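Remarks on the structure that follows.
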Amino acid sequence: MTVLKTSLRNFFAHKGRMILSGLAVVLSVAFVCGTLVFTDTMNTTFDKLFAETSANVTVSHKKAGNGDERPATGKPTTVPASLVQRVERAEGVEKALGTTASMAVTVVDRDNNNIGPTSGAPTIASNWTDLDVKTMDVTSGHPPRGPTEVMVDADTAKKHGLSLGDELRTIAVTGDFTATISGLAAFQVTNPGAAVLYYDDKTAQEKLLGSTDEFTQVSVIAAEGVTDELLKKNVTAAIGDGYKVQTQEEFAAENKDDIGAFLDVMKYALLGFAGIALLVGIFLIINTFLMLVAQRTREIGLLRAIGSSRRQINRSVLIEALLLGILGSVLGVGAGVGIAIGLMKLMGMMGMNLSTSDLTIVWTTPVIGLVLGVLVTVVAAYLPARRAGKVSPMAALRDAGVPSDDKSGKVRAAIGTLLTLAGAAALLGAAGADEPGPGALYLGVGVVLTLIGFILIGPLLAGVVVRVLGALVLRVFGPMGRLAERNALRNPRRTGATGAALMIGLALVASLSVVGSSLVASANDELDRSVGADFIITGDQGKVITPQIAEVVRKAPGLEHVTEYKGLVEVELTTPSGTSDTRDLIAASPTYAQDLRVETVEGELADAYRKDAMSVDEQFAKEHGLKRGDELTAVFPDGTTPAKLRIAAITSSDSTLDSGAMYLSIATAERYIPADKMPQNWMMFAQAQEGNEQRAYSALKSELKPYPGYTVQDQADYKKLLEEQMGQLLNMVYGLLALAIIVAILGVVNTLALSVVERTREIGLMRAIGLSRRQLRRMIRLESVVIALFGALLGLGLGMGWGAAAQQLLALEGLKVLEIPWPTIITVFLGSAVVGLIAALVPAFRAGRMNVLNAIATE
């Protein structure tokens, strides 16, 4: 009981000093709990959405729902329209509805503006059925009644200022068609962020599928008293096993799996960043308790002198940590709910309206937050608690401060040096690896060992690096600069731990910057070396290039040639020796051999585009003992006659673009694939007539202007797009890493605040002999700057080492150019000085306000 009372007294006596450490716990736990609540809410939302939008039983093509939402033909998988009547005759069926839906469309208003979402969600075109009444409420007008009418979801209409009578043009794989808005429908469930348009049955079939004899699926509504399982059994018996038949639960689960994969990636990524913040927070907590123990050395010595055991002292510090962990974790759980709601609002701004009524807080979330926060805090306080337990009763006769353990410091430095050298060797092993698998293992080991090594040798490095930084940065500030340098060097272990907290976040920033910049530089280099085409034409969000748009591209003036690029999936190839392998083949125009400079080890790539010829990859040839001139038997999807294809070229496996691809001509593919199953273009390439590049570029832009879902880019545009995409990804990562950096800043603030308290008497004496408040504040600010720059120097150096090793490993996959983003590195380094200045504001202000006489009288 005495130990508990002492712990409570000390905790509340130093509550101001605990706040910053508590904030680290609050932020980290909040990020973890916020991530869990947000993803659980998303799961709940989509569970309800899929449950509401699916029928009791759904009948679809065998290959439907395999993750290929945009097949190579541009059309979704279908079932015969006659299947509706067959299903309707099954026992227990109240109604069977033919459903047509496609996401391979672009819809524009009369000003030619794309009304689809900009958040990456799809534009969904479908027919209006009785099933949609469950999820959509017609708020104005009426559902479509013929080929000239369309109904739009109310959210899309509001966003783009659409109203009844407005004309919309739909760009589908079968061609363009126009319709006027006959009605607006509001979501009665969560809007998934998509733009949804409804047409009548016949129009949807003709314009989206190209035939009134097909539907994408059949939705089956059960008669009263018939279970979904029984209905599935009856429907399967009526139509046979040639289709995929799913209950409502199975259909919802399949759709949820597709969304769940994305949510899992997002959840674990966010939890990873929260883990980094927790790691940084550990340094803050350790530093806080070490300094508090040092300041209470005489008090602990007195407790030991009057009979307190080491175990009691140890337990006293751990109880303080427990209180800090519980309080911080409780606040963190509450803040996490707030973060989750904030993320939901952010998703709403992007078009996905998540309702707070679906806010899901499962019991495991607060438990995880509490256990995590308390465990981290207590574990971090264990070392300071042990040190407190080692204080002897004689310490009551000395000034505050625990004597440094030189022997412990030397052992720590020796272990840290060994780990750093071992980590450096592992990173070199990763850089020189011949295979990605072992190399990735070396890289992971190297990153962990060098990180731990740098943390352990931080005090040793502080003594060297701070002196160098002092000579370069602080000496220009005269006596205040020298005092700041000495204060930073006074306790190298504390400086090392404070700098290490900042080092972790900045090391990750630097390493990701190096990898990102190297990726862009490598892609640009490969583009320059391999791509001979002047222009690349693509569809947004993976849309295929429809025949109509392909014709527009071909007719553009000023072009030397146009290349079509199509894909074939899962072609079964049988070698002369009888072995079979399923591979993807790419059908392209013969001019593709000019547009992409692919190295060959045998033959010329142009020969692969001759009649009944193809190319194979070098690795495939080695696996099956093939050579140029060998003949393969190819069974195409939905084809009836196996093809005999001669190997006319073997491409090098070292090629980066299209590495491992196998080619044949479009004409050869068309001989063996039915016309309605022939893939559309994934992309197209175009070569301008010599000296006519700018005119051809402008002409292509002009011709494609009526089709905003499709873009034409020259090589400069393509490079710029790649840089922008990588920049957006890195900025998002930097934003998440900012949490760890904020926690590290709190550590600098806490270190300075406790250091000021520790040096109260010294500050009073310095003020008494003439040091002004302004000089005192400058000294503390400079001390903060040098600590921040120390952490930045270690982090950036370590991160560039990690990034360089990762790039050398990824060179096996084509990332062959090492690019150090010096502007980013320099900006981060200088920004660290600003961080140091900001961190010093409050401690410097408090130090400047000290009463001189009271400070001198402090023991």
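Following the order of the structure tokens, first chain is A, next is B, and so on, with residues numbered from 1 inside each chain and ligands from 1 in the order they appear.
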Polymer residues at most 8 Å from Thr711 (chain A), only C-alpha atoms, same-chain spacing of 3 or more positions, as a list in words: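 Counting only the stated atoms, we get Ile537, Thr538, Gly539, Asp540, Lys701, Leu704 and Pro708 of chain A.
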Given the selection you just returned, output its residues as a file containing C-alpha atoms, formatted as a compact mmCIF listing (two decimals), in the first residue's frame.
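Saved to out-v8.txt:
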# COMPACT_ATOMS: atom_id res chain seq x y z
CA ILE A 537 -3.39 5.63 -76.14
CA THR A 538 -5.08 4.12 -73.06
CA GLY A 539 -8.47 3.96 -71.35
CA ASP A 540 -9.03 5.20 -67.79
CA LYS A 701 -5.85 14.97 -78.80
CA LEU A 704 -10.19 11.86 -78.73
CA PRO A 708 -12.96 11.84 -72.03
Selection near Ala471 (chain A), 12 Å with only C-alpha atoms, sequence-local residues under 3 positions removed, as an MDAnalysis selection string: chainID A and resid 464:468 474:478 481:482 484:486 786
Shell around Thr574 (chain A) at 9 Å using only C-alpha atoms, local window under 6 positions removed, as a PyMOL selection string: chain A and resi 580-582+631-635
Non-local contacts of region 75-83 of chain A (6 Å; only C-alpha atoms; under 3 positions in same chain excluded) as number ranges by chain: A: 61, 86, 213-216
Residue nearest Leu746 (chain A) - candidates A:Lys622, A:Ile838, A:Leu451, A:Leu461, atoms counted: only C-alpha atoms: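 Counting only C-alpha atoms, the residue closest to Leu746 (chain A) is A:Ile838.
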Those of region 465-655 of chain A in DSSP strand (DSSP E or B), formatted as a ChimeraX atom specification: /A:531,535-539,545,559-574,580-588,596,600-602,613-617,631-635,643-651
Spatial neighbours of Leu754 (chain A), max dist 8 Å, only C-alpha atoms, sep filter under 2 positions, as a PyMOL selection string: chain A and resi 17+288+291-292+750-752+756-758
Mind writing the picked residues with C-alpha atoms as a PDB file, in the first residue's frame?
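Written file, part.pdb:
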ATOM      1  CA  ARG A  17       6.037  15.967 -17.128  1.00  0.00           C
ATOM      2  CA  THR A 288      11.013  10.374 -19.612  1.00  0.00           C
ATOM      3  CA  MET A 291      15.185  11.490 -16.460  1.00  0.00           C
ATOM      4  CA  LEU A 292      12.546  11.339 -13.725  1.00  0.00           C
ATOM      5  CA  ASN A 750       9.920  16.260 -23.250  1.00  0.00           C
ATOM      6  CA  THR A 751      13.691  15.882 -23.155  1.00  0.00           C
ATOM      7  CA  LEU A 752      14.197  19.635 -23.179  1.00  0.00           C
ATOM      8  CA  VAL A 756      15.362  22.455 -18.008  1.00  0.00           C
ATOM      9  CA  VAL A 757      13.910  21.226 -14.715  1.00  0.00           C
ATOM     10  CA  GLU A 758      17.063  19.218 -14.073  1.00  0.00           C
TER      11      GLU A 758
END
Members of region 69-231 of chain A assigned alpha helix (DSSP H) by DSSP, as a list in words: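 Put together, the selection reads Leu83, Val84, Gln85, Arg86, Val87, Glu88, Ala154, Asp155, Thr156, Ala157, Lys158, Lys159, His160, Asp201, Lys202, Thr203, Ala204, Asp228, Glu229, Leu230 and Leu231 of chain A.
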